[in-house]
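Colleague: Pasting target_6.txt below, which is compact mmCIF, N, CA, C and O atoms.
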```
# COMPACT_ATOMS: atom_id res chain seq x y z
N MET A 1 -10.72 -5.81 -8.58
CA MET A 1 -10.47 -5.72 -7.15
C MET A 1 -11.40 -4.70 -6.52
O MET A 1 -11.24 -4.38 -5.36
N HIS A 2 -12.35 -4.20 -7.27
CA HIS A 2 -13.28 -3.20 -6.76
C HIS A 2 -13.94 -3.69 -5.47
O HIS A 2 -14.45 -4.80 -5.40
N GLY A 3 -13.90 -2.85 -4.43
CA GLY A 3 -14.55 -3.18 -3.18
C GLY A 3 -13.73 -4.04 -2.24
O GLY A 3 -14.15 -4.31 -1.13
N GLU A 4 -12.56 -4.49 -2.66
CA GLU A 4 -11.73 -5.36 -1.82
C GLU A 4 -11.09 -4.60 -0.66
O GLU A 4 -11.00 -5.10 0.43
N VAL A 5 -10.61 -3.39 -0.91
CA VAL A 5 -9.90 -2.62 0.10
C VAL A 5 -10.80 -1.50 0.60
O VAL A 5 -11.33 -0.72 -0.17
N LYS A 6 -11.01 -1.45 1.90
CA LYS A 6 -11.87 -0.44 2.51
C LYS A 6 -11.05 0.77 2.95
O LYS A 6 -9.88 0.65 3.31
N THR A 7 -11.67 1.94 2.93
CA THR A 7 -11.00 3.15 3.38
C THR A 7 -10.80 3.08 4.88
O THR A 7 -11.75 2.88 5.63
N PRO A 8 -9.57 3.25 5.35
CA PRO A 8 -9.31 3.18 6.79
C PRO A 8 -9.73 4.47 7.49
O PRO A 8 -9.91 5.50 6.85
N PRO A 9 -9.87 4.41 8.79
CA PRO A 9 -10.26 5.60 9.56
C PRO A 9 -9.08 6.53 9.81
O PRO A 9 -8.69 6.77 10.96
N PHE A 10 -8.47 7.04 8.73
CA PHE A 10 -7.38 8.00 8.86
C PHE A 10 -7.89 9.30 9.46
O PHE A 10 -9.03 9.70 9.22
N SER A 11 -7.03 9.99 10.19
CA SER A 11 -7.33 11.37 10.59
C SER A 11 -7.21 12.22 9.32
O SER A 11 -6.69 11.78 8.30
N LEU A 12 -7.66 13.46 9.39
CA LEU A 12 -7.58 14.36 8.25
C LEU A 12 -6.14 14.54 7.80
O LEU A 12 -5.84 14.47 6.60
N SER A 13 -5.22 14.74 8.74
CA SER A 13 -3.82 14.96 8.37
C SER A 13 -3.21 13.72 7.71
O SER A 13 -2.44 13.83 6.75
N ALA A 14 -3.56 12.52 8.20
CA ALA A 14 -3.04 11.29 7.60
C ALA A 14 -3.64 11.08 6.21
O ALA A 14 -2.95 10.62 5.30
N ARG A 15 -4.91 11.41 6.03
CA ARG A 15 -5.56 11.29 4.72
C ARG A 15 -4.87 12.21 3.70
O ARG A 15 -4.60 11.82 2.57
N ILE A 16 -4.56 13.42 4.14
CA ILE A 16 -3.86 14.37 3.26
C ILE A 16 -2.46 13.85 2.92
O ILE A 16 -2.04 13.88 1.76
N GLU A 17 -1.75 13.36 3.93
CA GLU A 17 -0.39 12.83 3.69
C GLU A 17 -0.44 11.67 2.70
O GLU A 17 0.37 11.60 1.76
N ALA A 18 -1.37 10.75 2.90
CA ALA A 18 -1.49 9.60 1.99
C ALA A 18 -1.80 10.09 0.57
O ALA A 18 -1.21 9.60 -0.40
N GLY A 19 -2.69 11.06 0.45
CA GLY A 19 -3.04 11.60 -0.86
C GLY A 19 -1.86 12.25 -1.55
O GLY A 19 -1.63 12.06 -2.75
N VAL A 20 -1.08 13.02 -0.80
CA VAL A 20 0.10 13.69 -1.36
C VAL A 20 1.13 12.65 -1.82
O VAL A 20 1.68 12.76 -2.92
N LEU A 21 1.37 11.64 -1.00
CA LEU A 21 2.35 10.62 -1.37
C LEU A 21 1.89 9.82 -2.59
O LEU A 21 2.69 9.53 -3.49
N LEU A 22 0.61 9.47 -2.63
CA LEU A 22 0.09 8.74 -3.79
C LEU A 22 0.17 9.60 -5.05
O LEU A 22 0.48 9.10 -6.14
N ARG A 23 -0.09 10.89 -4.93
CA ARG A 23 0.02 11.79 -6.08
C ARG A 23 1.47 11.83 -6.58
O ARG A 23 1.72 11.81 -7.79
N ARG A 24 2.42 11.88 -5.66
CA ARG A 24 3.83 11.89 -6.05
C ARG A 24 4.18 10.61 -6.82
O ARG A 24 4.91 10.65 -7.82
N LEU A 25 3.64 9.48 -6.36
CA LEU A 25 3.86 8.23 -7.07
C LEU A 25 3.25 8.27 -8.46
O LEU A 25 3.86 7.83 -9.44
N GLN A 26 2.03 8.81 -8.56
CA GLN A 26 1.36 8.91 -9.86
C GLN A 26 2.17 9.78 -10.83
O GLN A 26 2.13 9.56 -12.04
N GLN A 27 2.87 10.74 -10.30
CA GLN A 27 3.67 11.64 -11.14
C GLN A 27 5.03 11.05 -11.49
O GLN A 27 5.86 11.71 -12.09
N GLY A 28 5.27 9.81 -11.07
CA GLY A 28 6.49 9.11 -11.44
C GLY A 28 7.64 9.21 -10.47
O GLY A 28 8.73 8.71 -10.75
N GLU A 29 7.41 9.84 -9.34
CA GLU A 29 8.49 9.98 -8.35
C GLU A 29 8.71 8.65 -7.64
O GLU A 29 7.78 7.94 -7.32
N ASN A 30 9.98 8.32 -7.42
CA ASN A 30 10.32 7.14 -6.63
C ASN A 30 10.48 7.55 -5.18
O ASN A 30 11.37 8.35 -4.87
N LEU A 31 9.65 7.03 -4.32
CA LEU A 31 9.72 7.35 -2.89
C LEU A 31 10.57 6.30 -2.20
O LEU A 31 10.43 5.12 -2.45
N GLY A 32 11.43 6.75 -1.32
CA GLY A 32 12.22 5.84 -0.51
C GLY A 32 11.86 6.03 0.95
O GLY A 32 10.86 6.66 1.29
N MET A 33 12.70 5.51 1.81
CA MET A 33 12.48 5.67 3.24
C MET A 33 12.58 7.15 3.59
O MET A 33 13.36 7.85 2.98
N PRO A 34 11.82 7.65 4.50
CA PRO A 34 10.93 6.94 5.42
C PRO A 34 9.51 6.75 4.89
O PRO A 34 8.68 6.18 5.59
N HIS A 35 9.23 7.19 3.67
CA HIS A 35 7.85 7.14 3.17
C HIS A 35 7.45 5.78 2.60
O HIS A 35 6.29 5.39 2.69
N SER A 36 8.39 5.09 1.98
CA SER A 36 8.05 3.85 1.28
C SER A 36 9.24 2.91 1.29
O SER A 36 10.39 3.34 1.32
N ARG A 37 8.92 1.62 1.28
CA ARG A 37 9.99 0.63 1.17
C ARG A 37 9.49 -0.53 0.31
O ARG A 37 8.30 -0.82 0.27
N PRO A 38 10.41 -1.20 -0.39
CA PRO A 38 10.02 -2.32 -1.24
C PRO A 38 9.49 -3.50 -0.43
O PRO A 38 9.90 -3.70 0.72
N MET A 39 8.59 -4.26 -1.04
CA MET A 39 8.04 -5.46 -0.41
C MET A 39 8.22 -6.65 -1.35
O MET A 39 7.24 -7.19 -1.89
N PRO A 40 9.47 -7.10 -1.58
CA PRO A 40 9.69 -8.21 -2.50
C PRO A 40 9.07 -9.52 -2.02
O PRO A 40 8.88 -10.44 -2.81
N SER A 41 8.73 -9.60 -0.73
CA SER A 41 8.08 -10.81 -0.22
C SER A 41 6.68 -10.99 -0.82
O SER A 41 6.15 -12.10 -0.83
N ILE A 42 6.13 -9.91 -1.36
CA ILE A 42 4.82 -10.00 -2.02
C ILE A 42 5.03 -10.25 -3.51
O ILE A 42 4.55 -11.23 -4.05
N ARG A 43 5.74 -9.33 -4.16
CA ARG A 43 6.05 -9.48 -5.58
C ARG A 43 6.89 -8.29 -6.03
O ARG A 43 6.96 -7.28 -5.35
N VAL A 44 7.48 -8.42 -7.19
CA VAL A 44 8.28 -7.34 -7.78
C VAL A 44 7.38 -6.11 -7.96
O VAL A 44 6.21 -6.24 -8.28
N HIS A 45 7.93 -4.94 -7.75
CA HIS A 45 7.25 -3.65 -7.90
C HIS A 45 6.23 -3.38 -6.79
O HIS A 45 5.45 -2.44 -6.91
N CYS A 46 6.21 -4.21 -5.75
CA CYS A 46 5.31 -3.97 -4.61
C CYS A 46 6.06 -3.20 -3.54
O CYS A 46 7.25 -3.43 -3.31
N HIS A 47 5.35 -2.30 -2.89
CA HIS A 47 5.95 -1.43 -1.88
C HIS A 47 4.97 -1.23 -0.74
O HIS A 47 3.78 -1.49 -0.86
N GLU A 48 5.51 -0.70 0.35
CA GLU A 48 4.72 -0.38 1.54
C GLU A 48 4.83 1.12 1.78
O GLU A 48 5.92 1.63 2.06
N LEU A 49 3.73 1.82 1.66
CA LEU A 49 3.68 3.25 1.97
C LEU A 49 3.45 3.37 3.47
O LEU A 49 2.61 2.67 4.03
N ARG A 50 4.19 4.24 4.12
CA ARG A 50 4.16 4.36 5.59
C ARG A 50 3.54 5.69 5.98
O ARG A 50 4.06 6.74 5.64
N ILE A 51 2.43 5.61 6.71
CA ILE A 51 1.70 6.81 7.15
C ILE A 51 1.60 6.77 8.67
O ILE A 51 1.01 5.86 9.24
N ARG A 52 2.17 7.76 9.32
CA ARG A 52 2.09 7.89 10.79
C ARG A 52 0.86 8.72 11.12
O ARG A 52 0.64 9.78 10.53
N ASP A 53 0.05 8.24 12.08
CA ASP A 53 -1.22 8.90 12.38
C ASP A 53 -1.62 8.72 13.83
O ASP A 53 -1.99 7.63 14.24
N GLU A 54 -1.57 9.77 14.60
CA GLU A 54 -2.08 9.79 15.97
C GLU A 54 -1.93 8.46 16.72
O GLU A 54 -2.90 7.85 17.14
N GLY A 55 -0.70 8.01 16.84
CA GLY A 55 -0.44 6.79 17.60
C GLY A 55 -0.61 5.51 16.80
O GLY A 55 -0.50 4.42 17.35
N LYS A 56 -0.90 5.60 15.51
CA LYS A 56 -1.04 4.42 14.67
C LYS A 56 -0.03 4.49 13.54
O LYS A 56 0.38 5.57 13.12
N ASN A 57 0.34 3.33 13.07
CA ASN A 57 1.27 3.22 11.95
C ASN A 57 0.55 2.54 10.80
O ASN A 57 0.54 1.32 10.70
N TRP A 58 -0.07 3.34 9.95
CA TRP A 58 -0.80 2.81 8.80
C TRP A 58 0.17 2.39 7.72
O TRP A 58 1.20 3.03 7.50
N ARG A 59 -0.18 1.32 7.03
CA ARG A 59 0.58 0.85 5.88
C ARG A 59 -0.37 0.68 4.70
O ARG A 59 -1.47 0.16 4.86
N VAL A 60 0.09 1.12 3.55
CA VAL A 60 -0.64 0.95 2.31
C VAL A 60 0.26 0.13 1.41
O VAL A 60 1.33 0.59 1.01
N ILE A 61 -0.15 -1.09 1.12
CA ILE A 61 0.63 -1.95 0.23
C ILE A 61 0.15 -1.67 -1.19
O ILE A 61 -1.04 -1.70 -1.47
N TYR A 62 1.11 -1.39 -2.09
CA TYR A 62 0.75 -1.03 -3.45
C TYR A 62 1.75 -1.61 -4.44
O TYR A 62 2.86 -2.00 -4.08
N ARG A 63 1.30 -1.70 -5.70
CA ARG A 63 2.19 -2.09 -6.79
C ARG A 63 2.12 -1.03 -7.87
O ARG A 63 1.05 -0.53 -8.19
N ILE A 64 3.27 -0.70 -8.40
CA ILE A 64 3.34 0.29 -9.48
C ILE A 64 3.38 -0.45 -10.82
O ILE A 64 4.29 -1.25 -11.07
N ASP A 65 2.35 -0.22 -11.63
CA ASP A 65 2.31 -0.72 -13.01
C ASP A 65 2.58 0.45 -13.94
O ASP A 65 2.63 1.59 -13.51
N GLU A 66 2.71 0.16 -15.22
CA GLU A 66 2.94 1.22 -16.19
C GLU A 66 1.83 2.26 -16.20
O GLU A 66 2.08 3.45 -16.33
N ASP A 67 0.59 1.79 -16.08
CA ASP A 67 -0.56 2.68 -16.24
C ASP A 67 -1.39 2.86 -14.97
O ASP A 67 -2.45 3.49 -15.02
N ALA A 68 -0.94 2.31 -13.85
CA ALA A 68 -1.76 2.39 -12.63
C ALA A 68 -0.92 2.12 -11.39
O ALA A 68 0.14 1.50 -11.46
N ILE A 69 -1.46 2.58 -10.27
CA ILE A 69 -0.93 2.19 -8.96
C ILE A 69 -2.04 1.38 -8.30
O ILE A 69 -3.15 1.88 -8.08
N LEU A 70 -1.76 0.12 -8.04
CA LEU A 70 -2.75 -0.78 -7.45
C LEU A 70 -2.62 -0.76 -5.93
O LEU A 70 -1.55 -1.06 -5.40
N ILE A 71 -3.69 -0.41 -5.25
CA ILE A 71 -3.71 -0.46 -3.79
C ILE A 71 -4.18 -1.85 -3.41
O ILE A 71 -5.32 -2.24 -3.70
N LEU A 72 -3.33 -2.61 -2.74
CA LEU A 72 -3.62 -4.01 -2.43
C LEU A 72 -4.16 -4.19 -1.02
O LEU A 72 -4.96 -5.09 -0.77
N GLU A 73 -3.70 -3.36 -0.09
CA GLU A 73 -4.10 -3.53 1.31
C GLU A 73 -3.78 -2.25 2.08
O GLU A 73 -2.80 -1.58 1.77
N VAL A 74 -4.62 -1.96 3.05
CA VAL A 74 -4.39 -0.85 3.98
C VAL A 74 -4.63 -1.42 5.37
O VAL A 74 -5.68 -2.01 5.63
N PHE A 75 -3.66 -1.25 6.26
CA PHE A 75 -3.82 -1.80 7.60
C PHE A 75 -2.99 -1.02 8.61
O PHE A 75 -2.06 -0.30 8.24
N ASN A 76 -3.35 -1.16 9.87
CA ASN A 76 -2.63 -0.56 10.98
C ASN A 76 -1.57 -1.56 11.42
O ASN A 76 -1.90 -2.64 11.91
N LYS A 77 -0.32 -1.22 11.24
CA LYS A 77 0.77 -2.13 11.59
C LYS A 77 1.06 -2.01 13.08
O LYS A 77 1.38 -0.93 13.57
N THR A 78 0.95 -3.12 13.78
CA THR A 78 1.14 -3.12 15.24
C THR A 78 2.38 -3.89 15.68
O THR A 78 2.73 -3.86 16.85
N THR A 79 3.02 -4.60 14.74
CA THR A 79 4.24 -5.34 15.07
C THR A 79 5.31 -4.99 14.04
O THR A 79 5.02 -4.38 13.02
N ARG A 80 6.54 -5.41 14.29
CA ARG A 80 7.63 -5.13 13.35
C ARG A 80 7.43 -5.83 12.01
O ARG A 80 7.71 -5.27 10.97
N ALA A 81 6.97 -7.05 12.07
CA ALA A 81 6.80 -7.84 10.84
C ALA A 81 5.41 -7.61 10.24
O ALA A 81 4.43 -7.42 10.97
N THR A 82 5.35 -7.66 8.93
CA THR A 82 4.06 -7.60 8.25
C THR A 82 3.38 -8.95 8.45
O THR A 82 3.99 -10.00 8.18
N PRO A 83 2.13 -8.94 8.92
CA PRO A 83 1.43 -10.21 9.17
C PRO A 83 1.32 -11.07 7.90
O PRO A 83 1.14 -10.56 6.80
N ASP A 84 1.46 -12.38 8.08
CA ASP A 84 1.34 -13.31 6.95
C ASP A 84 0.00 -13.17 6.25
O ASP A 84 -0.08 -13.32 5.03
N SER A 85 -1.06 -12.89 7.02
CA SER A 85 -2.39 -12.76 6.41
C SER A 85 -2.42 -11.59 5.42
O SER A 85 -3.08 -11.67 4.38
N VAL A 86 -1.71 -10.50 5.73
CA VAL A 86 -1.65 -9.35 4.82
C VAL A 86 -0.89 -9.72 3.56
O VAL A 86 -1.33 -9.44 2.44
N ILE A 87 0.24 -10.39 3.71
CA ILE A 87 1.03 -10.82 2.56
C ILE A 87 0.22 -11.76 1.68
O ILE A 87 0.18 -11.62 0.45
N ASP A 88 -0.47 -12.72 2.30
CA ASP A 88 -1.29 -13.67 1.54
C ASP A 88 -2.43 -12.97 0.80
O ASP A 88 -2.70 -13.28 -0.35
N ASN A 89 -3.10 -12.01 1.47
CA ASN A 89 -4.18 -11.26 0.82
C ASN A 89 -3.65 -10.49 -0.39
O ASN A 89 -4.29 -10.46 -1.45
N CYS A 90 -2.50 -9.86 -0.24
CA CYS A 90 -1.92 -9.10 -1.34
C CYS A 90 -1.59 -10.00 -2.52
O CYS A 90 -1.88 -9.67 -3.67
N LYS A 91 -0.98 -11.15 -2.25
CA LYS A 91 -0.64 -12.09 -3.31
C LYS A 91 -1.90 -12.59 -4.01
O LYS A 91 -1.93 -12.68 -5.25
N ARG A 92 -2.93 -12.90 -3.24
CA ARG A 92 -4.19 -13.37 -3.82
C ARG A 92 -4.82 -12.29 -4.70
O ARG A 92 -5.24 -12.56 -5.83
N ARG A 93 -4.85 -11.06 -4.21
CA ARG A 93 -5.44 -9.97 -4.98
C ARG A 93 -4.66 -9.69 -6.26
O ARG A 93 -5.25 -9.43 -7.31
N LEU A 94 -3.34 -9.74 -6.18
CA LEU A 94 -2.52 -9.54 -7.38
C LEU A 94 -2.75 -10.64 -8.41
O LEU A 94 -2.86 -10.37 -9.60
N SER A 95 -2.80 -11.87 -7.94
CA SER A 95 -3.04 -12.98 -8.87
C SER A 95 -4.38 -12.83 -9.56
O SER A 95 -4.48 -13.00 -10.78
N LYS A 96 -5.41 -12.48 -8.81
CA LYS A 96 -6.74 -12.28 -9.38
C LYS A 96 -6.71 -11.13 -10.38
O LYS A 96 -7.24 -11.25 -11.49
N TYR A 97 -6.09 -10.02 -10.02
CA TYR A 97 -6.00 -8.86 -10.90
C TYR A 97 -5.26 -9.21 -12.19
O TYR A 97 -5.72 -8.92 -13.29
N ASP A 98 -4.11 -9.87 -12.05
CA ASP A 98 -3.30 -10.22 -13.23
C ASP A 98 -4.03 -11.20 -14.13
O ASP A 98 -3.95 -11.12 -15.36
N ASN A 99 -4.75 -12.16 -13.55
CA ASN A 99 -5.49 -13.13 -14.35
C ASN A 99 -6.66 -12.48 -15.06
O ASN A 99 -7.01 -12.90 -16.18
N ASP A 100 -7.28 -11.48 -14.46
CA ASP A 100 -8.40 -10.78 -15.07
C ASP A 100 -7.96 -9.84 -16.19
O ASP A 100 -8.77 -9.44 -17.01
N GLN A 101 -6.68 -9.48 -16.19
CA GLN A 101 -6.17 -8.57 -17.23
C GLN A 101 -5.96 -9.33 -18.46
O GLN A 101 -5.80 -9.61 -19.35
```
Show the structure stored in the file as structure tokens.

Modeller:
Amino acid sequence: MHGEVKTPPFSLSARIEAGVLLRRLQQGENLGMPHSRPMPSIRVHCHELRIRDEGKNWRVIYRIDEDAILILEVFNKTTRATPDSVIDNCKRRLSKYDNDQ
């Protein structure tokens, strides 16, 4: 999946918050609301990390594996529902990743 997900234009504070939350996940902590919520519509073990940033609501879709945290998508959420295109991209990326393993 190298090169599939681009770094978003986070502010410095949002970049730090995302880094801290991802580090907590790497250390085995289970994050719940308001930081993260499950995304079973994508697949088991998939979640949405929620980052508030200067009037934007960034979302980082990720899956927790035994040995890695896979970042599937990063986007600015502008509606209540996650766009179908984001869900489809995540499913496609996961299928490709799993097949390559």

Colleague: For Lys77 of chain A, which residue among A:Lys56, A:Arg43, A:Arg15, A:Arg37 is the nearest when counting all atoms listed in the file?

Modeller: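 When distances to Lys77 of chain A are compared using all atoms listed in the file, the smallest one comes from A:Lys56.
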
Colleague: Tell me, as a PDB file with N, CA, C and O atoms, in the coordinates of the input, which residues lie within 12 Å of segment 67-69 of chain A, counting only C-alpha atoms; anything in the same chain fewer than 2 positions away does not count.

Modeller:
```pdb
ATOM      1  N   LEU A  21       1.370  11.640  -1.000  1.00  0.00           N
ATOM      2  CA  LEU A  21       2.350  10.620  -1.370  1.00  0.00           C
ATOM      3  C   LEU A  21       1.890   9.820  -2.590  1.00  0.00           C
ATOM      4  O   LEU A  21       2.690   9.530  -3.490  1.00  0.00           O
ATOM      5  N   LEU A  22       0.610   9.470  -2.630  1.00  0.00           N
ATOM      6  CA  LEU A  22       0.090   8.740  -3.790  1.00  0.00           C
ATOM      7  C   LEU A  22       0.170   9.600  -5.050  1.00  0.00           C
ATOM      8  O   LEU A  22       0.480   9.100  -6.140  1.00  0.00           O
ATOM      9  N   ARG A  23      -0.090  10.890  -4.930  1.00  0.00           N
ATOM     10  CA  ARG A  23       0.020  11.790  -6.080  1.00  0.00           C
ATOM     11  C   ARG A  23       1.470  11.830  -6.580  1.00  0.00           C
ATOM     12  O   ARG A  23       1.720  11.810  -7.790  1.00  0.00           O
ATOM     13  N   ARG A  24       2.420  11.880  -5.660  1.00  0.00           N
ATOM     14  CA  ARG A  24       3.830  11.890  -6.050  1.00  0.00           C
ATOM     15  C   ARG A  24       4.180  10.610  -6.820  1.00  0.00           C
ATOM     16  O   ARG A  24       4.910  10.650  -7.820  1.00  0.00           O
ATOM     17  N   LEU A  25       3.640   9.480  -6.360  1.00  0.00           N
ATOM     18  CA  LEU A  25       3.860   8.230  -7.070  1.00  0.00           C
ATOM     19  C   LEU A  25       3.250   8.270  -8.460  1.00  0.00           C
ATOM     20  O   LEU A  25       3.860   7.830  -9.440  1.00  0.00           O
ATOM     21  N   GLN A  26       2.030   8.810  -8.560  1.00  0.00           N
ATOM     22  CA  GLN A  26       1.360   8.910  -9.860  1.00  0.00           C
ATOM     23  C   GLN A  26       2.170   9.780 -10.830  1.00  0.00           C
ATOM     24  O   GLN A  26       2.130   9.560 -12.040  1.00  0.00           O
ATOM     25  N   GLN A  27       2.870  10.740 -10.300  1.00  0.00           N
ATOM     26  CA  GLN A  27       3.670  11.640 -11.140  1.00  0.00           C
ATOM     27  C   GLN A  27       5.030  11.050 -11.490  1.00  0.00           C
ATOM     28  O   GLN A  27       5.860  11.710 -12.090  1.00  0.00           O
ATOM     29  N   GLY A  28       5.270   9.810 -11.070  1.00  0.00           N
ATOM     30  CA  GLY A  28       6.490   9.110 -11.440  1.00  0.00           C
ATOM     31  C   GLY A  28       7.640   9.210 -10.470  1.00  0.00           C
ATOM     32  O   GLY A  28       8.730   8.710 -10.750  1.00  0.00           O
ATOM     33  N   HIS A  45       7.930  -4.940  -7.750  1.00  0.00           N
ATOM     34  CA  HIS A  45       7.250  -3.650  -7.900  1.00  0.00           C
ATOM     35  C   HIS A  45       6.230  -3.380  -6.790  1.00  0.00           C
ATOM     36  O   HIS A  45       5.450  -2.440  -6.910  1.00  0.00           O
ATOM     37  N   CYS A  46       6.210  -4.210  -5.750  1.00  0.00           N
ATOM     38  CA  CYS A  46       5.310  -3.970  -4.610  1.00  0.00           C
ATOM     39  C   CYS A  46       6.060  -3.200  -3.540  1.00  0.00           C
ATOM     40  O   CYS A  46       7.250  -3.430  -3.310  1.00  0.00           O
ATOM     41  N   HIS A  47       5.350  -2.300  -2.890  1.00  0.00           N
ATOM     42  CA  HIS A  47       5.950  -1.430  -1.880  1.00  0.00           C
ATOM     43  C   HIS A  47       4.970  -1.230  -0.740  1.00  0.00           C
ATOM     44  O   HIS A  47       3.780  -1.490  -0.860  1.00  0.00           O
ATOM     45  N   LEU A  49       3.730   1.820   1.660  1.00  0.00           N
ATOM     46  CA  LEU A  49       3.680   3.250   1.970  1.00  0.00           C
ATOM     47  C   LEU A  49       3.450   3.370   3.470  1.00  0.00           C
ATOM     48  O   LEU A  49       2.610   2.670   4.030  1.00  0.00           O
ATOM     49  N   VAL A  60       0.090   1.120   3.550  1.00  0.00           N
ATOM     50  CA  VAL A  60      -0.640   0.950   2.310  1.00  0.00           C
ATOM     51  C   VAL A  60       0.260   0.130   1.410  1.00  0.00           C
ATOM     52  O   VAL A  60       1.330   0.590   1.010  1.00  0.00           O
ATOM     53  N   ILE A  61      -0.150  -1.090   1.120  1.00  0.00           N
ATOM     54  CA  ILE A  61       0.630  -1.950   0.230  1.00  0.00           C
ATOM     55  C   ILE A  61       0.150  -1.670  -1.190  1.00  0.00           C
ATOM     56  O   ILE A  61      -1.040  -1.700  -1.470  1.00  0.00           O
ATOM     57  N   TYR A  62       1.110  -1.390  -2.090  1.00  0.00           N
ATOM     58  CA  TYR A  62       0.750  -1.030  -3.450  1.00  0.00           C
ATOM     59  C   TYR A  62       1.750  -1.610  -4.440  1.00  0.00           C
ATOM     60  O   TYR A  62       2.860  -2.000  -4.080  1.00  0.00           O
ATOM     61  N   ARG A  63       1.300  -1.700  -5.700  1.00  0.00           N
ATOM     62  CA  ARG A  63       2.190  -2.090  -6.790  1.00  0.00           C
ATOM     63  C   ARG A  63       2.120  -1.030  -7.870  1.00  0.00           C
ATOM     64  O   ARG A  63       1.050  -0.530  -8.190  1.00  0.00           O
ATOM     65  N   ILE A  64       3.270  -0.700  -8.400  1.00  0.00           N
ATOM     66  CA  ILE A  64       3.340   0.290  -9.480  1.00  0.00           C
ATOM     67  C   ILE A  64       3.380  -0.450 -10.820  1.00  0.00           C
ATOM     68  O   ILE A  64       4.290  -1.250 -11.070  1.00  0.00           O
ATOM     69  N   ASP A  65       2.350  -0.220 -11.630  1.00  0.00           N
ATOM     70  CA  ASP A  65       2.310  -0.720 -13.010  1.00  0.00           C
ATOM     71  C   ASP A  65       2.580   0.450 -13.940  1.00  0.00           C
ATOM     72  O   ASP A  65       2.630   1.590 -13.510  1.00  0.00           O
ATOM     73  N   ILE A  71      -3.690  -0.410  -5.250  1.00  0.00           N
ATOM     74  CA  ILE A  71      -3.710  -0.460  -3.790  1.00  0.00           C
ATOM     75  C   ILE A  71      -4.180  -1.850  -3.410  1.00  0.00           C
ATOM     76  O   ILE A  71      -5.320  -2.240  -3.700  1.00  0.00           O
ATOM     77  N   LEU A  72      -3.330  -2.610  -2.740  1.00  0.00           N
ATOM     78  CA  LEU A  72      -3.620  -4.010  -2.430  1.00  0.00           C
ATOM     79  C   LEU A  72      -4.160  -4.190  -1.020  1.00  0.00           C
ATOM     80  O   LEU A  72      -4.960  -5.090  -0.770  1.00  0.00           O
ATOM     81  N   LEU A  94      -3.340  -9.740  -6.180  1.00  0.00           N
ATOM     82  CA  LEU A  94      -2.520  -9.540  -7.380  1.00  0.00           C
ATOM     83  C   LEU A  94      -2.750 -10.640  -8.410  1.00  0.00           C
ATOM     84  O   LEU A  94      -2.860 -10.370  -9.600  1.00  0.00           O
TER      85      LEU A  94
END
```

Colleague: Can you tell me how far atom CA of Arg59 of chain A sits from atom C of Phe75 of chain A, in Å to one decimal?

Modeller: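 Taking atom CA of Arg59 of chain A and atom C of Phe75 of chain A, their separation equals 4.9 Å.
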
Colleague: So which residues fall inside 7 Å of (-5.4, 2.8, 11.7) if we count only N, CA, C and O atoms? Mind giving them as a list in words?

Modeller: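 I get Pro8, Pro9, Phe10, Asp53, Lys56, Asn57, Trp58, Phe75, Asn76 and Lys77 of chain A for the residues within 7 Å of that point.
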
Colleague: Any chance you can output those residues with N, CA, C and O atoms as a compact mmCIF listing (two decimals), keeping the file's coordinate frame?

Modeller:
```txt
# COMPACT_ATOMS: atom_id res chain seq x y z
N PRO A 8 -9.57 3.25 5.35
CA PRO A 8 -9.31 3.18 6.79
C PRO A 8 -9.73 4.47 7.49
O PRO A 8 -9.91 5.50 6.85
N PRO A 9 -9.87 4.41 8.79
CA PRO A 9 -10.26 5.60 9.56
C PRO A 9 -9.08 6.53 9.81
O PRO A 9 -8.69 6.77 10.96
N PHE A 10 -8.47 7.04 8.73
CA PHE A 10 -7.38 8.00 8.86
C PHE A 10 -7.89 9.30 9.46
O PHE A 10 -9.03 9.70 9.22
N ASP A 53 0.05 8.24 12.08
CA ASP A 53 -1.22 8.90 12.38
C ASP A 53 -1.62 8.72 13.83
O ASP A 53 -1.99 7.63 14.24
N LYS A 56 -0.90 5.60 15.51
CA LYS A 56 -1.04 4.42 14.67
C LYS A 56 -0.03 4.49 13.54
O LYS A 56 0.38 5.57 13.12
N ASN A 57 0.34 3.33 13.07
CA ASN A 57 1.27 3.22 11.95
C ASN A 57 0.55 2.54 10.80
O ASN A 57 0.54 1.32 10.70
N TRP A 58 -0.07 3.34 9.95
CA TRP A 58 -0.80 2.81 8.80
C TRP A 58 0.17 2.39 7.72
O TRP A 58 1.20 3.03 7.50
N PHE A 75 -3.66 -1.25 6.26
CA PHE A 75 -3.82 -1.80 7.60
C PHE A 75 -2.99 -1.02 8.61
O PHE A 75 -2.06 -0.30 8.24
N ASN A 76 -3.35 -1.16 9.87
CA ASN A 76 -2.63 -0.56 10.98
C ASN A 76 -1.57 -1.56 11.42
O ASN A 76 -1.90 -2.64 11.91
N LYS A 77 -0.32 -1.22 11.24
CA LYS A 77 0.77 -2.13 11.59
C LYS A 77 1.06 -2.01 13.08
O LYS A 77 1.38 -0.93 13.57
```

Colleague: Atom N of His35 of chain A and atom O of Ala14 of chain A are how many Å apart?

Modeller: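 Spanning atom N of His35 of chain A to atom O of Ala14 of chain A is a straight-line distance of 12.8 Å.
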
Colleague: Among chain A, which residues carry a DSSP assignment of strand (DSSP E), reported as a list in words?

Modeller: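 Matching residues, listed in order: Ser36, Arg37, Pro38, Cys46, His47, Glu48, Leu49, Arg50, Ile51, Arg52, Asp53, Lys56, Asn57, Trp58, Arg59, Val60, Ile61, Tyr62, Arg63, Ile64, Ile69, Leu70, Ile71, Leu72, Glu73, Val74, Phe75 and Asn76 of chain A.
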